[in-house]
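Data file: input_27.cif. Format and content: mmCIF, C-alpha atoms.
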data_coords
#
loop_
_atom_site.group_PDB
_atom_site.id
_atom_site.type_symbol
_atom_site.label_atom_id
_atom_site.label_comp_id
_atom_site.auth_asym_id
_atom_site.auth_seq_id
_atom_site.Cartn_x
_atom_site.Cartn_y
_atom_site.Cartn_z
ATOM 1 C CA MET X 5 16.206 -15.005 13.652
ATOM 2 C CA ARG X 6 15.762 -17.622 10.947
ATOM 3 C CA THR X 7 17.143 -16.908 7.473
ATOM 4 C CA ASP X 8 16.072 -20.063 5.623
ATOM 5 C CA TYR X 9 12.502 -19.103 4.685
ATOM 6 C CA ARG X 10 11.450 -20.424 1.281
ATOM 7 C CA TYR X 11 8.885 -17.803 0.265
ATOM 8 C CA PHE X 12 9.733 -14.641 2.207
ATOM 9 C CA ASP X 13 11.756 -12.988 -0.597
ATOM 10 C CA PHE X 14 9.084 -13.877 -3.168
ATOM 11 C CA ILE X 15 6.328 -12.269 -1.076
ATOM 12 C CA MET X 16 8.492 -9.186 -0.500
ATOM 13 C CA ALA X 17 9.067 -8.819 -4.259
ATOM 14 C CA LEU X 18 5.328 -9.050 -4.953
ATOM 15 C CA PHE X 19 4.611 -6.531 -2.196
ATOM 16 C CA VAL X 20 7.027 -3.958 -3.644
ATOM 17 C CA THR X 21 5.788 -4.579 -7.210
ATOM 18 C CA VAL X 22 2.185 -3.948 -6.201
ATOM 19 C CA LEU X 23 3.232 -0.775 -4.416
ATOM 20 C CA LEU X 24 5.046 0.648 -7.465
ATOM 21 C CA ILE X 25 2.244 -0.250 -9.875
ATOM 22 C CA SER X 26 -0.348 1.401 -7.645
ATOM 23 C CA ASN X 27 1.617 4.673 -7.586
ATOM 24 C CA LEU X 28 1.889 4.776 -11.382
ATOM 25 C CA LEU X 29 -1.805 3.992 -11.867
ATOM 26 C CA SER X 30 -2.842 6.588 -9.293
ATOM 27 C CA SER X 31 -1.246 9.306 -11.417
ATOM 28 C CA ALA X 32 -2.515 7.924 -14.721
ATOM 29 C CA LYS X 33 -6.300 7.850 -14.339
ATOM 30 C CA ILE X 34 -9.302 8.600 -12.111
ATOM 31 C CA ILE X 35 -12.125 6.079 -12.530
ATOM 32 C CA ASP X 36 -15.786 7.132 -12.239
ATOM 33 C CA LEU X 37 -18.366 4.372 -11.633
ATOM 34 C CA ASP X 38 -21.245 6.750 -12.479
ATOM 35 C CA ALA X 39 -22.898 5.963 -9.125
ATOM 36 C CA GLU X 40 -23.342 7.695 -5.761
ATOM 37 C CA LEU X 41 -23.239 6.764 -2.074
ATOM 38 C CA PHE X 42 -24.844 9.191 0.402
ATOM 39 C CA GLY X 43 -24.862 11.731 -2.414
ATOM 40 C CA ILE X 44 -21.110 11.431 -3.001
ATOM 41 C CA PRO X 45 -20.001 10.236 -6.480
ATOM 42 C CA LEU X 46 -18.100 6.948 -6.464
ATOM 43 C CA SER X 47 -14.858 7.840 -8.197
ATOM 44 C CA PHE X 48 -11.334 6.697 -7.350
ATOM 45 C CA ASP X 49 -7.800 6.790 -8.664
ATOM 46 C CA ALA X 50 -6.793 3.726 -10.687
ATOM 47 C CA GLY X 51 -4.119 2.774 -8.155
ATOM 48 C CA THR X 52 -6.931 1.716 -5.827
ATOM 49 C CA LEU X 53 -7.477 -1.310 -8.074
ATOM 50 C CA VAL X 54 -4.192 -2.854 -6.956
ATOM 51 C CA PHE X 55 -3.046 -1.079 -3.763
ATOM 52 C CA PRO X 56 -5.288 -3.077 -1.359
ATOM 53 C CA ILE X 57 -3.337 -6.191 -2.327
ATOM 54 C CA SER X 58 -0.314 -4.710 -0.558
ATOM 55 C CA TYR X 59 -2.263 -4.865 2.713
ATOM 56 C CA ILE X 60 -3.026 -8.529 2.105
ATOM 57 C CA PHE X 61 0.684 -9.170 1.641
ATOM 58 C CA GLY X 62 1.304 -7.073 4.756
ATOM 59 C CA ASP X 63 -1.086 -9.285 6.733
ATOM 60 C CA ILE X 64 0.643 -12.407 5.441
ATOM 61 C CA LEU X 65 4.104 -11.094 6.315
ATOM 62 C CA THR X 66 3.191 -9.979 9.837
ATOM 63 C CA GLU X 67 1.067 -13.010 10.683
ATOM 64 C CA ILE X 68 3.677 -15.556 9.594
ATOM 65 C CA TYR X 69 7.075 -13.878 9.927
ATOM 66 C CA GLY X 70 6.330 -11.263 12.590
ATOM 67 C CA TYR X 71 6.399 -7.481 12.858
ATOM 68 C CA ARG X 72 10.183 -7.147 12.679
ATOM 69 C CA ARG X 73 10.481 -8.807 9.271
ATOM 70 C CA SER X 74 7.365 -7.029 8.042
ATOM 71 C CA ARG X 75 8.948 -3.750 9.138
ATOM 72 C CA ARG X 76 11.980 -4.499 6.952
ATOM 73 C CA VAL X 77 9.723 -5.158 3.951
ATOM 74 C CA ILE X 78 7.788 -1.940 4.549
ATOM 75 C CA TRP X 79 11.053 0.029 4.503
ATOM 76 C CA THR X 80 12.118 -1.776 1.323
ATOM 77 C CA GLY X 81 8.886 -0.652 -0.340
ATOM 78 C CA PHE X 82 9.430 2.868 0.988
ATOM 79 C CA PHE X 83 12.886 3.220 -0.588
ATOM 80 C CA ALA X 84 11.768 1.560 -3.839
ATOM 81 C CA THR X 85 8.890 4.029 -4.195
ATOM 82 C CA ALA X 86 11.160 6.976 -3.460
ATOM 83 C CA LEU X 87 13.619 5.747 -6.102
ATOM 84 C CA MET X 88 10.842 5.386 -8.675
ATOM 85 C CA GLY X 89 9.578 8.879 -7.926
ATOM 86 C CA PHE X 90 13.039 10.371 -8.369
ATOM 87 C CA PHE X 91 13.630 8.792 -11.766
ATOM 88 C CA VAL X 92 10.149 9.673 -13.047
ATOM 89 C CA TRP X 93 10.895 13.268 -12.048
ATOM 90 C CA LEU X 94 14.340 13.126 -13.672
ATOM 91 C CA ALA X 95 12.908 11.769 -16.935
ATOM 92 C CA GLY X 96 10.365 14.588 -16.917
ATOM 93 C CA VAL X 97 12.865 17.422 -16.570
ATOM 94 C CA LEU X 98 15.369 16.110 -19.146
ATOM 95 C CA PRO X 99 14.840 17.369 -22.742
ATOM 96 C CA GLY X 100 12.754 15.167 -25.046
ATOM 97 C CA GLU X 101 13.844 13.846 -28.450
ATOM 98 C CA ARG X 102 12.315 15.723 -31.419
ATOM 99 C CA GLY X 103 10.428 12.759 -32.889
ATOM 100 C CA TRP X 104 8.990 11.840 -29.517
ATOM 101 C CA ALA X 105 7.909 15.447 -28.984
ATOM 102 C CA GLU X 106 5.884 15.307 -32.221
ATOM 103 C CA TYR X 107 3.867 12.138 -31.546
ATOM 104 C CA ALA X 108 3.675 12.311 -27.729
ATOM 105 C CA GLY X 109 5.322 15.377 -26.244
ATOM 106 C CA GLN X 110 6.111 16.846 -22.865
ATOM 107 C CA SER X 111 2.503 17.825 -22.239
ATOM 108 C CA ALA X 112 1.391 14.186 -22.530
ATOM 109 C CA PHE X 113 4.164 13.071 -20.175
ATOM 110 C CA ASP X 114 3.258 15.781 -17.672
ATOM 111 C CA ALA X 115 -0.453 14.977 -17.881
ATOM 112 C CA ILE X 116 0.060 11.268 -17.103
ATOM 113 C CA LEU X 117 3.273 11.050 -15.095
ATOM 114 C CA GLY X 118 3.877 14.655 -14.091
ATOM 115 C CA GLY X 119 1.964 14.193 -10.867
ATOM 116 C CA VAL X 120 3.934 11.136 -9.796
ATOM 117 C CA SER X 121 6.543 13.116 -7.849
ATOM 118 C CA GLY X 122 3.938 14.920 -5.747
ATOM 119 C CA LEU X 123 1.980 11.698 -5.554
ATOM 120 C CA VAL X 124 5.014 9.822 -4.270
ATOM 121 C CA VAL X 125 5.497 12.334 -1.443
ATOM 122 C CA ALA X 126 1.893 11.829 -0.336
ATOM 123 C CA SER X 127 2.119 8.094 -0.939
ATOM 124 C CA LEU X 128 5.293 7.645 1.102
ATOM 125 C CA ILE X 129 3.925 9.457 4.145
ATOM 126 C CA ALA X 130 0.544 7.717 3.944
ATOM 127 C CA TYR X 131 2.115 4.333 3.174
ATOM 128 C CA PHE X 132 4.507 4.639 6.117
ATOM 129 C CA ALA X 133 1.733 5.508 8.563
ATOM 130 C CA GLY X 134 -0.852 3.086 7.152
ATOM 131 C CA GLU X 135 1.329 -0.002 6.710
ATOM 132 C CA PHE X 136 2.903 0.304 10.150
ATOM 133 C CA SER X 137 -0.522 0.863 11.723
ATOM 134 C CA ASN X 138 -1.817 -2.252 9.977
ATOM 135 C CA SER X 139 1.186 -4.364 10.958
ATOM 136 C CA TYR X 140 1.208 -3.142 14.568
ATOM 137 C CA VAL X 141 -2.517 -3.726 15.114
ATOM 138 C CA LEU X 142 -2.350 -7.210 13.588
ATOM 139 C CA ALA X 143 0.714 -8.197 15.638
ATOM 140 C CA ARG X 144 -0.756 -6.912 18.896
ATOM 141 C CA MET X 145 -4.149 -8.514 18.251
ATOM 142 C CA LYS X 146 -2.457 -11.843 17.555
ATOM 143 C CA VAL X 147 -0.792 -11.816 20.950
ATOM 144 C CA LEU X 148 -3.921 -10.601 22.750
ATOM 145 C CA THR X 149 -6.120 -13.287 21.131
ATOM 146 C CA ASP X 150 -3.439 -15.988 21.383
ATOM 147 C CA GLY X 151 -3.569 -16.454 17.606
ATOM 148 C CA ARG X 152 -7.338 -16.916 17.347
ATOM 149 C CA PHE X 153 -9.918 -15.084 15.206
ATOM 150 C CA LEU X 154 -7.573 -14.599 12.238
ATOM 151 C CA PRO X 155 -10.280 -13.268 9.835
ATOM 152 C CA LEU X 156 -11.355 -10.643 12.378
ATOM 153 C CA ARG X 157 -7.743 -9.683 13.003
ATOM 154 C CA THR X 158 -6.875 -9.206 9.328
ATOM 155 C CA ILE X 159 -10.030 -7.181 8.675
ATOM 156 C CA GLY X 160 -9.664 -5.179 11.898
ATOM 157 C CA SER X 161 -6.066 -4.223 11.173
ATOM 158 C CA THR X 162 -7.045 -3.229 7.629
ATOM 159 C CA LEU X 163 -9.847 -0.980 8.902
ATOM 160 C CA VAL X 164 -7.281 0.934 10.954
ATOM 161 C CA GLY X 165 -4.429 0.904 8.437
ATOM 162 C CA GLN X 166 -6.523 1.905 5.447
ATOM 163 C CA ALA X 167 -8.227 4.712 7.389
ATOM 164 C CA VAL X 168 -4.838 6.194 8.293
ATOM 165 C CA ASP X 169 -3.442 5.648 4.787
ATOM 166 C CA THR X 170 -6.454 7.023 2.897
ATOM 167 C CA ALA X 171 -6.840 10.166 5.008
ATOM 168 C CA ALA X 172 -3.124 11.006 4.947
ATOM 169 C CA PHE X 173 -2.667 10.272 1.244
ATOM 170 C CA PHE X 174 -5.511 12.366 -0.140
ATOM 171 C CA LEU X 175 -5.069 15.308 2.215
ATOM 172 C CA ILE X 176 -1.369 15.585 1.367
ATOM 173 C CA ALA X 177 -1.912 14.929 -2.369
ATOM 174 C CA ALA X 178 -4.605 17.610 -2.542
ATOM 175 C CA ALA X 179 -2.363 20.074 -0.677
ATOM 176 C CA LEU X 180 0.365 19.386 -3.278
ATOM 177 C CA GLY X 181 -2.061 19.950 -6.157
ATOM 178 C CA VAL X 182 -2.225 16.343 -7.372
ATOM 179 C CA PHE X 183 -6.012 16.109 -6.848
ATOM 180 C CA PRO X 184 -8.535 18.986 -6.772
ATOM 181 C CA TRP X 185 -10.074 19.662 -3.344
ATOM 182 C CA GLU X 186 -13.635 19.524 -4.686
ATOM 183 C CA ILE X 187 -13.467 15.795 -5.474
ATOM 184 C CA LEU X 188 -11.614 14.890 -2.260
ATOM 185 C CA PRO X 189 -14.640 13.629 -0.259
ATOM 186 C CA SER X 190 -15.630 11.364 -3.154
ATOM 187 C CA LEU X 191 -12.108 10.007 -3.592
ATOM 188 C CA MET X 192 -11.563 9.384 0.135
ATOM 189 C CA LEU X 193 -14.890 7.658 0.729
ATOM 190 C CA THR X 194 -14.753 5.534 -2.409
ATOM 191 C CA ASN X 195 -11.137 4.540 -1.858
ATOM 192 C CA TYR X 196 -11.715 3.506 1.746
ATOM 193 C CA ILE X 197 -14.824 1.482 0.963
ATOM 194 C CA PHE X 198 -13.166 -0.154 -2.035
ATOM 195 C CA LYS X 199 -9.942 -1.016 -0.196
ATOM 196 C CA VAL X 200 -11.668 -2.470 2.843
ATOM 197 C CA GLY X 201 -14.169 -4.242 0.593
ATOM 198 C CA ILE X 202 -11.392 -5.994 -1.291
ATOM 199 C CA GLU X 203 -9.834 -7.118 2.000
ATOM 200 C CA VAL X 204 -13.175 -8.544 3.170
ATOM 201 C CA VAL X 205 -13.925 -10.300 -0.141
ATOM 202 C CA LEU X 206 -10.430 -11.794 -0.335
ATOM 203 C CA THR X 207 -10.288 -12.802 3.341
ATOM 204 C CA PRO X 208 -10.995 -16.511 2.627
ATOM 205 C CA LEU X 209 -8.121 -16.572 0.127
ATOM 206 C CA THR X 210 -5.873 -14.670 2.555
ATOM 207 C CA ILE X 211 -6.588 -17.223 5.304
ATOM 208 C CA GLN X 212 -5.836 -20.118 2.955
ATOM 209 C CA LEU X 213 -2.536 -18.557 1.896
ATOM 210 C CA ILE X 214 -1.525 -17.861 5.494
ATOM 211 C CA THR X 215 -2.397 -21.396 6.577
ATOM 212 C CA ALA X 216 -0.488 -22.963 3.677
ATOM 213 C CA LEU X 217 2.561 -20.722 4.182
ATOM 214 C CA LYS X 218 2.683 -21.429 7.911
ATOM 215 C CA ARG X 219 2.934 -25.126 7.122
ATOM 216 C CA ALA X 220 5.449 -24.628 4.303
ATOM 217 C CA GLU X 221 7.677 -22.291 6.332
ATOM 218 C CA ASN X 222 7.132 -24.060 9.662
ATOM 219 C CA GLU X 223 6.657 -20.619 11.194
ATOM 220 C CA ASP X 224 3.911 -18.833 13.129
ATOM 221 C CA TYR X 225 5.591 -15.875 14.818
ATOM 222 C CA TYR X 226 4.226 -14.136 17.921
ATOM 223 C CA ASP X 227 5.488 -10.606 18.677
ATOM 224 C CA ARG X 228 5.498 -10.987 22.450
ATOM 225 C CA ASP X 229 8.827 -9.255 23.072
ATOM 226 C CA THR X 230 9.066 -7.150 19.923
ATOM 227 C CA ASN X 231 10.283 -3.568 19.826
ATOM 228 C CA PHE X 232 7.608 -1.897 17.674
ATOM 229 C CA ASN X 233 9.700 1.172 16.873
ATOM 230 C CA PRO X 234 9.060 1.605 13.109
ATOM 231 C CA PHE X 235 12.467 3.239 12.551
ATOM 232 C CA ARG X 236 14.451 0.111 13.430
ATOM 233 C CA ILE X 237 15.153 -1.515 10.075
ATOM 234 C CA GLY X 238 17.025 -4.564 11.335
ATOM 235 C CA VAL X 239 15.287 -7.808 12.263
ATOM 236 C CA GLY X 240 17.445 -8.562 15.270
#
I need this file expressed as structure tokens, please.
Amino acid sequence: MRTDYRYFDFIMALFVTVLLISNLLSSAKIIDLDAELFGIPLSFDAGTLVFPISYIFGDILTEIYGYRRSRRVIWTGFFATALMGFFVWLAGVLPGERGWAEYAGQSAFDAILGGVSGLVVASLIAYFAGEFSNSYVLARMKVLTDGRFLPLRTIGSTLVGQAVDTAAFFLIAAALGVFPWEILPSLMLTNYIFKVGIEVVLTPLTIQLITALKRAENEDYYDRDTNFNPFRIGVG
């Protein structure tokens, strides 16, 4: 496998950054657009604003560098999110300084970041299933279509990946008490529509980035003989 890619590490860093930001925002705020679709209020956690970008990066990584390198990036994001969740939990259980307790306090910390640990558990399981579904579908479709129909492939893989991710995330988060069950249908529907919508709207930009990076990296990988086992972290 090649090791001289110019932009691979940069894309991986952006991917992981987006993932961590989305987890923090998901715990911090639920946004309500004061509108309805099929009688269901359109409300979503703030992490939805940024999380769909991770799927765009996932498409770029798989399309250019192949499933095996994308798999390594997905695992990097997994461990980074787990590490963030641990230290947010640790900060929450350690005693607070007296001055901080007067102007902010443990209740404020718990209200904003207290749900991160439970959120991270749901996020890790959903992220693992969704990202690998997205990467697998895109890689297989590329081989089956001989590299044609890129816009349809990126959107198609997102439809599958985001469906798996959204369902798993909210069901687990609600079971852990992060979100109330009564707003679950609204959150799931709005999140799925929003995430897929962002992918569709940004598809022209995604295609331009993929095309430019293929030229810059001199790479357009096809996963014809790839072992798609998600638990193999190596790229060999």
Taking the file as shown, what set of residues would the PyMOL selection byres ((chain X and resi 154) around 12) give back, as number ranges by chain?
X: 63-64, 66-68, 142-143, 145-153, 155-161, 207-208, 210-212, 214-215
Which distance in Å separates CA of Ser137 in chain X and CA of Ala172 in chain X, to one decimal?
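Interatomic distance here is 12.5 Å.
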Just the number, please: distance in Å from CA of Arg75 in chain X to CA of Ala179 in chain X, one decimal.
28.1 Å
Got a sec: who's within 12 Å of Pro189 in chain X, counting only C-alpha atoms, leaving out chain neighbours fewer than 5 positions off, as a short mmCIF file (atom, residue, chain, number, x, y, z; two decimals) with C-alpha atoms, in the coordinates of the input?
data_model
loop_
_atom_site.label_atom_id
_atom_site.label_comp_id
_atom_site.auth_asym_id
_atom_site.auth_seq_id
_atom_site.Cartn_x
_atom_site.Cartn_y
_atom_site.Cartn_z
CA GLU X 40 -23.34 7.70 -5.76
CA LEU X 41 -23.24 6.76 -2.07
CA PHE X 42 -24.84 9.19 0.40
CA GLY X 43 -24.86 11.73 -2.41
CA ILE X 44 -21.11 11.43 -3.00
CA PRO X 45 -20.00 10.24 -6.48
CA LEU X 46 -18.10 6.95 -6.46
CA SER X 47 -14.86 7.84 -8.20
CA PHE X 48 -11.33 6.70 -7.35
CA THR X 170 -6.45 7.02 2.90
CA ALA X 171 -6.84 10.17 5.01
CA PHE X 174 -5.51 12.37 -0.14
CA LEU X 175 -5.07 15.31 2.22
CA ALA X 178 -4.61 17.61 -2.54
CA PHE X 183 -6.01 16.11 -6.85
CA PRO X 184 -8.54 18.99 -6.77
CA THR X 194 -14.75 5.53 -2.41
CA ASN X 195 -11.14 4.54 -1.86
CA TYR X 196 -11.72 3.51 1.75
#
Carefully work through the PyMOL selection byres ((chain X and resi 120-134) around 6) for this structure and note down the residues it includes, as number ranges by chain.
X: 31, 89, 117-119, 135-137, 165, 168-169, 172-173, 176-177
Rounded to one decimal place, report the CA of Arg76 in chain X-CA of Ile237 in chain X distance in Å.
5.4 Å
For Val77 in chain X, which residue among X:Trp93, X:Phe61, X:Phe232, X:Tyr11 is the nearest when counting all atoms listed in the file?
X:Phe61
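Considering the residues X:Leu206, X:Ile78, X:Leu94, X:Met88 and counting all atoms listed in the file, Ala17 in chain X has its shortest atom-to-atom contact with X:Ile78.
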Using the chain letters and numbers from the file, which residues does the PyMOL selection byres ((chain X and resi 22-26) around 7) grab, as JSON, numbers by chain?
{"X": [18, 19, 20, 21, 27, 28, 29, 30, 51, 52, 54, 55, 58, 81, 85]}
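If all atoms listed in the file are the atoms counted, then among X:Tyr71, X:Leu209, X:Ser190, X:Lys199 the closest residue to Ile35 in chain X is X:Ser190.
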Pick from X:Phe14, X:Leu213, X:Leu193, X:Arg102, whichever lies nearest to Ile60 in chain X using only C-alpha atoms
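Among X:Phe14, X:Leu213, X:Leu193, X:Arg102, it is X:Leu213 that comes nearest to Ile60 in chain X.
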